[in-house]
$ cat entry.csv   # CSV, C-alpha atoms
chain,number,residue,atom,x,y,z
S,182,MET,CA,-16.0,22.1,52.1
S,183,GLU,CA,-14.9,22.5,48.4
S,184,LYS,CA,-12.8,19.5,47.3
S,185,SER,CA,-9.6,20.1,45.3
S,186,PHE,CA,-7.4,17.7,43.6
S,187,SER,CA,-4.8,17.4,40.8
S,188,GLU,CA,-4.0,14.7,38.4
S,189,SER,CA,-0.9,14.0,36.5
S,190,TYR,CA,-1.0,13.3,32.7
S,191,ALA,CA,-0.2,9.7,33.5
S,192,ALA,CA,-3.2,9.4,35.9
S,193,ALA,CA,-5.3,10.6,33.0
S,194,GLY,CA,-4.1,7.7,30.9
S,195,VAL,CA,-1.2,9.2,28.9
S,196,ASP,CA,2.2,7.7,29.6
S,197,VAL,CA,4.8,10.3,28.5
S,198,THR,CA,7.7,8.1,29.5
S,199,ALA,CA,6.4,5.4,27.2
S,200,GLY,CA,6.5,7.9,24.4
S,201,TYR,CA,10.1,8.7,25.1
S,202,LYS,CA,10.9,4.9,25.2
S,203,SER,CA,9.1,4.4,21.8
S,204,VAL,CA,11.3,7.1,20.2
S,205,GLU,CA,14.4,5.5,21.5
S,206,LEU,CA,13.4,2.1,20.2
S,207,ILE,CA,12.5,3.3,16.7
S,208,LYS,CA,15.7,5.3,16.1
S,209,SER,CA,17.6,2.4,14.5
S,210,HIS,CA,14.8,1.6,12.2
S,211,VAL,CA,14.4,5.2,11.1
S,212,LYS,CA,18.2,5.5,10.5
S,213,LYS,CA,18.2,2.7,7.9
S,214,THR,CA,15.9,4.8,5.7
S,215,ASN,CA,18.2,7.7,5.4
S,216,ILE,CA,18.9,8.7,1.8
S,217,PRO,CA,20.7,11.8,0.3
S,218,GLY,CA,18.6,14.8,1.0
S,219,VAL,CA,17.6,14.1,4.6
S,220,ILE,CA,18.5,16.9,6.9
S,221,GLY,CA,18.6,16.3,10.7
S,222,GLY,CA,17.0,13.4,12.5
S,223,ILE,CA,13.7,12.5,14.1
S,224,GLY,CA,12.5,14.5,17.1
S,225,GLY,CA,12.3,18.0,15.6
S,226,PHE,CA,9.1,19.9,14.9
S,227,GLY,CA,9.4,19.2,11.2
S,228,GLY,CA,11.1,16.7,8.9
S,229,MET,CA,13.4,18.3,6.5
S,230,PHE,CA,14.5,17.2,3.0
S,231,GLU,CA,16.7,19.0,0.6
S,232,ILE,CA,16.0,18.8,-3.2
S,233,ALA,CA,19.0,19.2,-5.4
S,234,ASN,CA,18.2,22.2,-7.6
S,235,ASN,CA,20.1,20.8,-10.6
S,236,GLU,CA,18.5,17.4,-10.7
S,237,TYR,CA,15.2,18.4,-12.2
S,238,LYS,CA,14.5,20.7,-15.1
S,239,ASN,CA,10.9,21.5,-14.1
S,240,PRO,CA,10.2,19.7,-10.8
S,241,VAL,CA,6.7,18.8,-9.7
S,242,LEU,CA,5.9,17.5,-6.2
S,243,VAL,CA,3.4,14.7,-6.0
S,244,SER,CA,1.9,13.7,-2.7
S,245,GLY,CA,-0.2,10.8,-1.5
S,246,THR,CA,-1.8,9.7,1.8
S,247,ASP,CA,-3.6,6.6,2.9
S,248,GLY,CA,-4.1,4.1,5.8
S,249,VAL,CA,-4.3,0.4,6.1
S,250,GLY,CA,-8.0,0.0,6.9
S,251,THR,CA,-9.4,-2.9,8.8
S,252,LYS,CA,-6.4,-5.1,8.0
S,253,ILE,CA,-5.2,-3.7,11.3
S,254,LYS,CA,-7.8,-5.9,13.0
S,255,LEU,CA,-6.0,-9.0,11.6
S,256,ALA,CA,-2.6,-7.7,12.9
S,257,MET,CA,-4.2,-7.3,16.3
S,258,LEU,CA,-5.7,-10.8,16.3
S,259,MET,CA,-2.4,-12.4,15.2
S,260,ASP,CA,-0.4,-10.1,17.5
S,261,LYS,CA,1.9,-9.5,14.5
S,262,HIS,CA,2.7,-5.8,14.0
S,263,ASP,CA,5.9,-5.8,12.0
S,264,THR,CA,4.4,-5.8,8.5
S,265,ILE,CA,1.4,-3.6,8.7
S,266,GLY,CA,3.7,-0.6,8.3
S,267,ILE,CA,4.8,-2.0,4.9
S,268,ASP,CA,1.1,-1.9,3.8
S,269,CYS,CA,0.8,1.7,4.9
S,270,VAL,CA,3.9,2.8,3.0
S,271,ALA,CA,2.8,0.8,-0.1
S,272,MET,CA,-0.6,2.3,-0.3
S,273,CYS,CA,1.0,5.8,-0.5
S,274,VAL,CA,4.1,5.3,-2.5
S,275,ASN,CA,2.5,3.1,-5.2
S,276,ASP,CA,0.0,5.8,-5.9
S,277,VAL,CA,2.7,8.5,-6.2
S,278,ALA,CA,4.8,6.2,-8.5
S,279,CYS,CA,1.8,5.8,-10.7
S,280,SER,CA,2.2,9.5,-11.6
S,281,GLY,CA,5.8,8.8,-12.6
S,282,ALA,CA,7.2,10.5,-9.5
S,283,LYS,CA,9.9,9.2,-7.2
S,284,PRO,CA,8.9,9.1,-3.5
S,285,LEU,CA,11.3,11.2,-1.5
S,286,PHE,CA,10.1,10.9,2.1
S,287,PHE,CA,7.3,9.5,4.3
S,288,LEU,CA,5.7,10.4,7.6
S,289,ASP,CA,3.4,8.2,9.7
S,290,TYR,CA,0.7,8.7,12.2
S,291,ILE,CA,-0.1,6.1,14.9
S,292,ALA,CA,-3.2,6.6,17.1
S,293,CYS,CA,-3.4,4.1,20.0
S,294,GLY,CA,-5.4,3.5,23.1
S,295,LYS,CA,-2.2,3.0,25.1
S,296,ASN,CA,1.4,3.4,24.1
S,297,PHE,CA,3.1,0.0,24.4
S,298,PRO,CA,6.7,0.9,23.3
S,299,GLU,CA,7.6,-2.5,22.0
S,300,LYS,CA,4.5,-2.7,19.8
S,301,ILE,CA,5.1,0.8,18.5
S,302,GLU,CA,8.6,-0.3,17.6
S,303,GLN,CA,7.3,-3.2,15.6
S,304,ILE,CA,4.8,-1.0,13.7
S,305,VAL,CA,7.5,1.6,12.9
S,306,LYS,CA,9.9,-1.2,11.9
S,307,GLY,CA,7.4,-2.1,9.2
S,308,VAL,CA,7.1,1.5,8.1
S,309,ALA,CA,10.9,1.7,7.8
S,310,ASP,CA,11.1,-1.6,5.9
S,311,GLY,CA,8.5,-0.2,3.5
S,312,CYS,CA,10.5,3.0,3.1
S,313,VAL,CA,13.6,1.0,2.3
S,314,GLN,CA,11.7,-1.0,-0.3
S,315,ALA,CA,10.5,2.2,-1.9
S,316,GLY,CA,13.8,4.1,-1.6
S,317,CYS,CA,12.4,6.9,0.4
S,318,ALA,CA,13.2,8.3,3.8
S,319,LEU,CA,11.2,8.2,7.0
S,320,VAL,CA,11.7,11.8,8.2
S,321,GLY,CA,9.1,12.0,11.0
S,322,GLY,CA,5.8,10.9,12.5
S,323,GLU,CA,3.5,11.0,15.4
S,324,THR,CA,2.3,8.6,18.0
S,325,ALA,CA,-0.8,9.8,19.9
S,326,GLU,CA,-2.3,8.1,22.9
S,327,HIS,CA,-6.1,8.3,23.0
S,328,PRO,CA,-7.2,6.9,26.4
S,329,GLY,CA,-10.9,6.7,26.8
S,330,LEU,CA,-11.4,7.1,23.0
S,331,MET,CA,-9.8,3.8,22.0
S,332,PRO,CA,-9.3,0.5,23.8
S,333,ASP,CA,-5.8,0.1,25.2
S,334,GLU,CA,-4.9,-2.6,22.7
S,335,ASP,CA,-6.2,-0.8,19.6
S,336,TYR,CA,-4.4,1.4,17.2
S,337,ASP,CA,-4.7,2.9,13.8
S,338,LEU,CA,-2.0,3.7,11.3
S,339,ALA,CA,-1.9,6.2,8.4
S,340,GLY,CA,0.8,8.0,6.5
S,341,PHE,CA,1.7,10.2,3.6
S,342,THR,CA,4.5,10.6,1.2
S,343,VAL,CA,5.9,13.3,-1.1
S,344,GLY,CA,7.6,12.5,-4.4
S,345,ILE,CA,9.1,14.4,-7.2
S,346,GLY,CA,9.3,14.2,-11.0
S,347,ASP,CA,10.0,16.3,-14.0
S,348,LYS,CA,6.8,17.8,-15.4
S,349,ASP,CA,7.3,16.6,-18.9
S,350,GLN,CA,8.0,13.0,-17.7
S,351,LEU,CA,5.0,12.6,-15.4
S,352,VAL,CA,2.4,10.0,-16.3
S,353,SER,CA,-0.9,11.8,-16.9
S,354,GLY,CA,-2.7,9.5,-19.3
S,355,ASP,CA,-2.8,12.2,-22.0
S,356,ASN,CA,-0.7,10.1,-24.4
S,357,LEU,CA,-3.1,7.1,-24.1
S,358,LYS,CA,-4.4,5.9,-27.5
S,359,ALA,CA,-6.3,3.0,-29.1
S,360,GLY,CA,-3.9,0.1,-29.7
S,361,ASP,CA,-1.9,0.6,-26.5
S,362,VAL,CA,-1.1,-2.7,-24.8
S,363,LEU,CA,-2.1,-3.3,-21.2
S,364,ILE,CA,0.5,-5.0,-19.0
S,365,GLY,CA,-0.4,-6.5,-15.6
S,366,VAL,CA,1.9,-6.8,-12.7
S,367,ALA,CA,1.2,-9.5,-10.1
S,368,SER,CA,0.1,-8.6,-6.5
S,369,SER,CA,1.4,-10.4,-3.4
S,370,GLY,CA,-2.2,-11.3,-2.5
S,371,ILE,CA,-5.0,-9.3,-0.9
S,372,HIS,CA,-2.9,-6.2,-0.3
S,373,SER,CA,-4.8,-3.8,2.0
S,374,ASN,CA,-8.4,-3.7,0.6
S,375,GLY,CA,-11.6,-5.6,1.1
S,376,PHE,CA,-10.8,-6.7,4.6
S,377,SER,CA,-14.2,-5.7,6.0
S,378,LEU,CA,-15.8,-8.2,3.5
S,379,ILE,CA,-13.1,-10.8,4.2
S,380,ARG,CA,-13.7,-10.6,8.0
S,381,LYS,CA,-17.4,-11.3,7.3
S,382,VAL,CA,-16.9,-14.1,4.8
S,383,PHE,CA,-14.5,-16.1,7.1
S,384,ASP,CA,-15.9,-14.9,10.4
S,385,ILE,CA,-12.4,-13.8,11.3
S,386,ASN,CA,-11.4,-14.5,14.9
S,387,GLU,CA,-8.6,-16.1,16.8
S,388,GLU,CA,-9.6,-19.6,15.7
S,389,THR,CA,-10.5,-19.1,12.1
S,390,ILE,CA,-7.2,-17.4,11.3
S,391,LYS,CA,-5.4,-20.5,12.4
S,392,VAL,CA,-7.2,-22.8,9.9
S,393,TYR,CA,-4.8,-24.3,7.4
S,394,TYR,CA,-5.9,-24.4,3.7
S,395,ASP,CA,-4.2,-26.8,1.3
S,396,GLU,CA,-4.9,-24.5,-1.6
S,397,LEU,CA,-3.1,-21.7,0.2
S,398,GLY,CA,-0.3,-23.8,1.5
S,399,LYS,CA,-0.5,-21.9,4.8
S,400,THR,CA,-3.0,-20.7,7.4
S,401,LEU,CA,-5.6,-18.2,6.5
S,402,GLY,CA,-4.0,-15.6,8.8
S,403,GLU,CA,-0.6,-16.1,7.3
S,404,GLU,CA,-2.1,-15.5,3.8
S,405,LEU,CA,-4.1,-12.5,4.8
S,406,ILE,CA,-1.3,-10.7,6.7
S,407,THR,CA,1.0,-10.8,3.6
S,408,PRO,CA,2.1,-7.2,3.1
S,409,THR,CA,1.2,-5.2,0.0
S,410,ARG,CA,3.8,-5.3,-2.7
S,411,ILE,CA,5.7,-2.1,-3.3
S,412,TYR,CA,6.2,-1.4,-7.0
S,413,VAL,CA,8.2,1.9,-6.9
S,414,LYS,CA,11.7,0.7,-7.9
S,415,PRO,CA,10.5,-1.6,-10.7
S,416,LEU,CA,8.2,1.2,-12.0
S,417,LEU,CA,11.0,3.8,-12.0
S,418,ALA,CA,13.4,1.3,-13.7
S,419,LEU,CA,10.8,0.7,-16.4
S,420,MET,CA,10.0,4.4,-16.9
S,421,SER,CA,13.7,5.2,-17.3
S,422,LYS,CA,13.7,3.0,-20.5
S,423,VAL,CA,10.2,2.9,-21.8
S,424,THR,CA,7.5,5.6,-22.0
S,425,VAL,CA,4.5,4.5,-20.0
S,426,ASN,CA,1.2,6.1,-21.2
S,427,ALA,CA,-1.0,5.4,-18.2
S,428,ILE,CA,-0.9,3.5,-14.9
S,429,SER,CA,-3.5,2.2,-12.5
S,430,HIS,CA,-2.8,0.9,-9.0
S,431,ILE,CA,-5.5,-1.7,-8.2
S,432,THR,CA,-6.7,-0.9,-4.7
S,433,GLY,CA,-10.1,-0.4,-3.1
S,434,GLY,CA,-12.8,-0.6,-5.8
S,435,GLY,CA,-10.8,-3.3,-7.8
S,436,PHE,CA,-10.8,-3.2,-11.6
S,437,TYR,CA,-14.1,-1.4,-12.1
S,438,GLU,CA,-13.2,1.7,-10.1
S,439,ASN,CA,-9.4,1.9,-10.6
S,440,VAL,CA,-8.8,1.1,-14.2
S,441,PRO,CA,-11.1,3.9,-15.5
S,442,ARG,CA,-8.9,6.4,-13.5
S,443,MET,CA,-6.1,5.8,-15.9
S,444,LEU,CA,-8.3,6.4,-19.0
S,445,LYS,CA,-9.0,9.5,-21.1
S,446,ASP,CA,-12.6,10.0,-22.2
S,447,GLY,CA,-13.5,7.9,-25.2
S,448,PHE,CA,-11.3,4.9,-24.4
S,449,THR,CA,-12.1,1.4,-23.0
S,450,ALA,CA,-9.6,-0.9,-21.3
S,451,VAL,CA,-10.2,-4.5,-22.6
S,452,ILE,CA,-8.8,-7.0,-20.1
S,453,GLU,CA,-8.6,-10.7,-20.6
S,454,LYS,CA,-9.2,-12.3,-17.2
S,455,ASP,CA,-7.5,-15.6,-18.2
S,456,LYS,CA,-4.3,-13.7,-18.9
S,457,CYS,CA,-4.3,-12.0,-15.5
S,458,PHE,CA,-2.5,-13.5,-12.5
S,459,LYS,CA,-4.3,-16.1,-10.4
S,460,LYS,CA,-4.1,-16.2,-6.6
S,461,PRO,CA,-5.8,-19.1,-4.8
S,462,ILE,CA,-7.0,-16.8,-2.0
S,463,PHE,CA,-9.5,-15.1,-4.3
S,464,ASP,CA,-11.1,-18.3,-5.4
S,465,LEU,CA,-11.4,-19.3,-1.8
S,466,ILE,CA,-13.0,-16.0,-0.9
S,467,GLN,CA,-15.5,-16.2,-3.8
S,468,LYS,CA,-16.4,-19.8,-3.0
S,469,THR,CA,-16.7,-19.4,0.7
S,470,GLY,CA,-18.7,-16.2,0.5
S,471,ASN,CA,-20.7,-17.2,-2.6
S,472,ILE,CA,-19.7,-13.8,-4.0
S,473,PRO,CA,-20.7,-12.9,-7.6
S,474,GLU,CA,-17.7,-12.5,-9.9
S,475,ARG,CA,-18.4,-8.9,-10.7
S,476,ASP,CA,-18.4,-8.1,-7.0
S,477,MET,CA,-15.0,-9.8,-6.7
S,478,TYR,CA,-13.5,-7.6,-9.5
S,479,ASN,CA,-15.2,-4.6,-8.0
S,480,THR,CA,-13.5,-5.2,-4.6
S,481,PHE,CA,-10.2,-6.9,-4.9
S,482,ASN,CA,-7.1,-6.8,-7.1
S,483,MET,CA,-7.7,-10.5,-8.0
S,484,GLY,CA,-4.0,-11.1,-8.3
S,485,THR,CA,-3.0,-8.1,-10.4
S,486,GLY,CA,-1.8,-5.2,-8.3
S,487,LEU,CA,-0.8,-2.8,-11.1
S,488,ILE,CA,-1.9,-2.2,-14.7
S,489,LEU,CA,0.0,0.0,-17.2
S,490,ALA,CA,-0.4,1.0,-20.8
S,491,VAL,CA,2.5,1.2,-23.3
S,492,ASP,CA,2.9,1.5,-27.0
S,493,LYS,CA,2.3,-1.8,-28.7
S,494,GLU,CA,5.8,-2.0,-30.0
S,495,LYS,CA,7.2,-1.5,-26.5
S,496,ALA,CA,5.1,-4.1,-24.8
S,497,ALA,CA,7.5,-7.0,-25.0
S,498,GLU,CA,10.4,-4.9,-23.8
S,499,ALA,CA,8.4,-3.5,-20.9
S,500,VAL,CA,7.5,-7.0,-19.7
S,501,GLU,CA,11.1,-8.1,-19.8
S,502,ILE,CA,12.2,-5.1,-17.8
S,503,LEU,CA,9.7,-5.7,-15.1
S,504,LYS,CA,10.6,-9.4,-15.0
S,505,ALA,CA,14.3,-8.4,-14.7
S,506,GLU,CA,13.3,-6.2,-11.7
S,507,GLY,CA,11.8,-9.3,-10.0
S,508,GLU,CA,8.1,-8.8,-10.9
S,509,GLU,CA,5.6,-11.2,-12.5
S,510,ALA,CA,4.4,-9.3,-15.5
S,511,ALA,CA,2.4,-10.2,-18.6
S,512,VAL,CA,0.3,-8.6,-21.4
S,513,ILE,CA,-3.3,-8.8,-20.3
S,514,GLY,CA,-5.2,-6.6,-22.6
S,515,VAL,CA,-5.5,-3.6,-24.9
S,516,ILE,CA,-6.9,-0.1,-25.2
S,517,LYS,CA,-9.7,0.5,-27.7
S,518,ALA,CA,-11.8,3.5,-28.7
S,519,GLY,CA,-15.3,3.4,-27.0
S,520,GLU,CA,-17.2,4.3,-23.9
S,521,THR,CA,-14.9,5.2,-21.0
S,522,GLY,CA,-14.5,2.2,-18.7
S,523,VAL,CA,-13.2,-1.3,-18.4
S,524,GLU,CA,-14.4,-4.4,-20.2
S,525,LEU,CA,-13.5,-7.8,-18.7
S,526,CYS,CA,-13.7,-10.7,-21.0
$ encode --input "entry.csv" --output "structure tokens"
Amino acid sequence: MEKSFSESYAAAGVDVTAGYKSVELIKSHVKKTNIPGVIGGIGGFGGMFEIANNEYKNPVLVSGTDGVGTKIKLAMLMDKHDTIGIDCVAMCVNDVACSGAKPLFFLDYIACGKNFPEKIEQIVKGVADGCVQAGCALVGGETAEHPGLMPDEDYDLAGFTVGIGDKDQLVSGDNLKAGDVLIGVASSGIHSNGFSLIRKVFDINEETIKVYYDELGKTLGEELITPTRIYVKPLLALMSKVTVNAISHITGGGFYENVPRMLKDGFTAVIEKDKCFKKPIFDLIQKTGNIPERDMYNTFNMGTGLILAVDKEKAAEAVEILKAEGEEAAVIGVIKAGETGVELC
């Protein structure tokens, strides 16, 4: 006799009711990100945002997308999910701001083995907090259950943002020239890059993250989970007063990969390491893993999350504006004619 049966979606591992609960739990977090331009609320088939047609002379949309990488493993080990969303937003909006654009809205994508509504709420809370810091709206997102593809407790997080700027005010690097001064802006720590190496160096597990280090003044886990700093508002405040010729967001690839991205052919960025910001965590990583210095600068931000170039006569003013916006900022180098790349001295 032929056997017949039917299965509900829940029996297959997807809990639709958990999805509904998640949406209800995140509504208050999403609401706090609303800014002028948002049309409608979450739950529709597309997030809508209105652009005032008289605000920009020649508007250009600038987009960016990114994830958080293996830092999520740390969040899982610590069972702390309310800051990883800040990292996701930061990785996207900082890149867009480096083009001189103002982020308008953000969307996230969460893939999980099983939808635990309270955990999803904490993740989205972090995303919303990051959006508030960046001054952009969270207009939508997606939470997808992947039973059988991912373990129940696992998840991944990615997102994207769209910003806007006037074409003649965007930062393209075309105005970069020899003699421009390089200004560094401090990071909050590791940010969201290099965690695969960090996990190997410290043999990251439930015990090692609880180890207290005097040089950090906290446990290793507390240091590593520190969210990525969001530079959008300070950058926009600076660019409203001082022309910025080029900007580099120091993410994966560290100084050697990211600084050249801000340069035109025929220019070298000369950076004095002693003038950059020092964070004890990087010394600890290098010492514990016996990692060559060049590899450190080729992987991590080393305490400087942002580097920008301005005219020499505007450098002091730029530093003071950034400091007034709550950032640690200092002159760390200069642009010179030469082979395209970065020179650390």
$ residues_around --input "entry.csv" --residues "region 505-513 of chain S" --least-positions-apart "5" --cutoff "10 Å" --atoms "only C-alpha atoms" --output "ChimeraX atom specification"
/S:362-368,410,412,414-416,418-419,451-458,485,487-490,496-497,499-500
$ axis_aligned_box --input "entry.csv" --around "region 369-377 of chain S" --padding-each-side "5 Å" --output "AutoDock Vina command-line options"
--center_x -6.4 --center_y -7.5 --center_z 1.3 --size_x 25.6 --size_y 17.6 --size_z 19.4
$ closest_residue --input "entry.csv" --among "S:Met483, S:Val413, S:Ile516, S:Ile390" --to "Gln467 (chain S)" --atoms "all atoms listed in the file"
S:Met483
$ atom_distance --input "entry.csv" --atom1 "CA of Asp446 (chain S)" --atom2 "CA of Glu520 (chain S)"
7.5 Å
$ residues_around --input "entry.csv" --residues "Gly354 (chain S)" --least-positions-apart "3" --cutoff "7 Å" --atoms "all atoms listed in the file" --output "list of chain:residue names"
S:Leu357, S:Asn426, S:Ala427, S:Met443, S:Leu444, S:Lys445
$ write_last_selection --input "entry.csv" --atoms "C-alpha atoms" --output "PDB file, in the frame of the given file"
ATOM      1  CA  LEU S 357      -3.100   7.100 -24.100  1.00  0.00           C
ATOM      2  CA  ASN S 426       1.200   6.100 -21.200  1.00  0.00           C
ATOM      3  CA  ALA S 427      -1.000   5.400 -18.200  1.00  0.00           C
ATOM      4  CA  MET S 443      -6.100   5.800 -15.900  1.00  0.00           C
ATOM      5  CA  LEU S 444      -8.300   6.400 -19.000  1.00  0.00           C
ATOM      6  CA  LYS S 445      -9.000   9.500 -21.100  1.00  0.00           C
TER       7      LYS S 445
END
$ decode --input "entry.csv" --residues "region 263-282 of chain S" --atoms "N, CA, C and O atoms" --output "short mmCIF file (atom, residue, chain, number, x, y, z; two decimals), in the first residue's frame"
data_model
loop_
_atom_site.label_atom_id
_atom_site.label_comp_id
_atom_site.auth_asym_id
_atom_site.auth_seq_id
_atom_site.Cartn_x
_atom_site.Cartn_y
_atom_site.Cartn_z
N ASP S 263 23.18 42.19 21.59
CA ASP S 263 22.60 43.53 21.47
C ASP S 263 23.57 44.58 20.92
O ASP S 263 23.22 45.75 20.81
N THR S 264 24.79 44.17 20.56
CA THR S 264 25.73 45.13 19.97
C THR S 264 26.23 44.71 18.59
O THR S 264 26.77 45.54 17.85
N ILE S 265 26.04 43.46 18.23
CA ILE S 265 26.55 42.98 16.95
C ILE S 265 25.88 43.71 15.78
O ILE S 265 26.47 43.89 14.71
N GLY S 266 24.64 44.16 16.00
CA GLY S 266 23.95 44.95 14.97
C GLY S 266 24.59 46.30 14.74
O GLY S 266 24.58 46.82 13.62
N ILE S 267 25.16 46.89 15.80
CA ILE S 267 25.89 48.15 15.65
C ILE S 267 27.06 47.95 14.71
O ILE S 267 27.33 48.77 13.82
N ASP S 268 27.77 46.82 14.88
CA ASP S 268 28.89 46.50 14.00
C ASP S 268 28.44 46.44 12.55
O ASP S 268 29.11 46.97 11.65
N CYS S 269 27.32 45.79 12.31
CA CYS S 269 26.83 45.62 10.95
C CYS S 269 26.52 46.97 10.30
O CYS S 269 26.91 47.23 9.17
N VAL S 270 25.83 47.81 11.05
CA VAL S 270 25.51 49.14 10.53
C VAL S 270 26.79 49.93 10.28
O VAL S 270 26.96 50.57 9.23
N ALA S 271 27.71 49.88 11.24
CA ALA S 271 28.94 50.66 11.13
C ALA S 271 29.73 50.31 9.88
O ALA S 271 30.24 51.20 9.17
N MET S 272 29.84 49.01 9.59
CA MET S 272 30.62 48.59 8.44
C MET S 272 30.06 49.14 7.13
O MET S 272 30.81 49.37 6.17
N CYS S 273 28.77 49.35 7.10
CA CYS S 273 28.12 49.87 5.88
C CYS S 273 28.14 51.40 5.84
O CYS S 273 28.55 52.00 4.84
N VAL S 274 27.67 52.03 6.90
CA VAL S 274 27.50 53.49 6.87
C VAL S 274 28.83 54.22 6.89
O VAL S 274 28.95 55.31 6.30
N ASN S 275 29.84 53.67 7.55
CA ASN S 275 31.15 54.33 7.53
C ASN S 275 31.71 54.37 6.12
O ASN S 275 32.30 55.39 5.70
N ASP S 276 31.54 53.29 5.37
CA ASP S 276 32.02 53.26 3.98
C ASP S 276 31.31 54.31 3.14
O ASP S 276 31.93 55.02 2.34
N VAL S 277 29.99 54.41 3.31
CA VAL S 277 29.22 55.38 2.53
C VAL S 277 29.63 56.81 2.90
O VAL S 277 29.78 57.67 2.03
N ALA S 278 29.84 57.06 4.19
CA ALA S 278 30.25 58.39 4.63
C ALA S 278 31.63 58.77 4.10
O ALA S 278 31.92 59.95 3.91
N CYS S 279 32.48 57.77 3.86
CA CYS S 279 33.80 58.04 3.30
C CYS S 279 33.71 58.63 1.89
O CYS S 279 34.68 59.22 1.41
N SER S 280 32.58 58.46 1.25
CA SER S 280 32.36 59.07 -0.07
C SER S 280 31.78 60.48 0.04
O SER S 280 31.52 61.12 -0.98
N GLY S 281 31.54 60.92 1.26
CA GLY S 281 30.96 62.24 1.47
C GLY S 281 29.45 62.23 1.44
O GLY S 281 28.82 63.28 1.37
N ALA S 282 28.85 61.04 1.49
CA ALA S 282 27.40 60.92 1.43
C ALA S 282 26.80 60.74 2.81
O ALA S 282 27.44 60.21 3.72
#
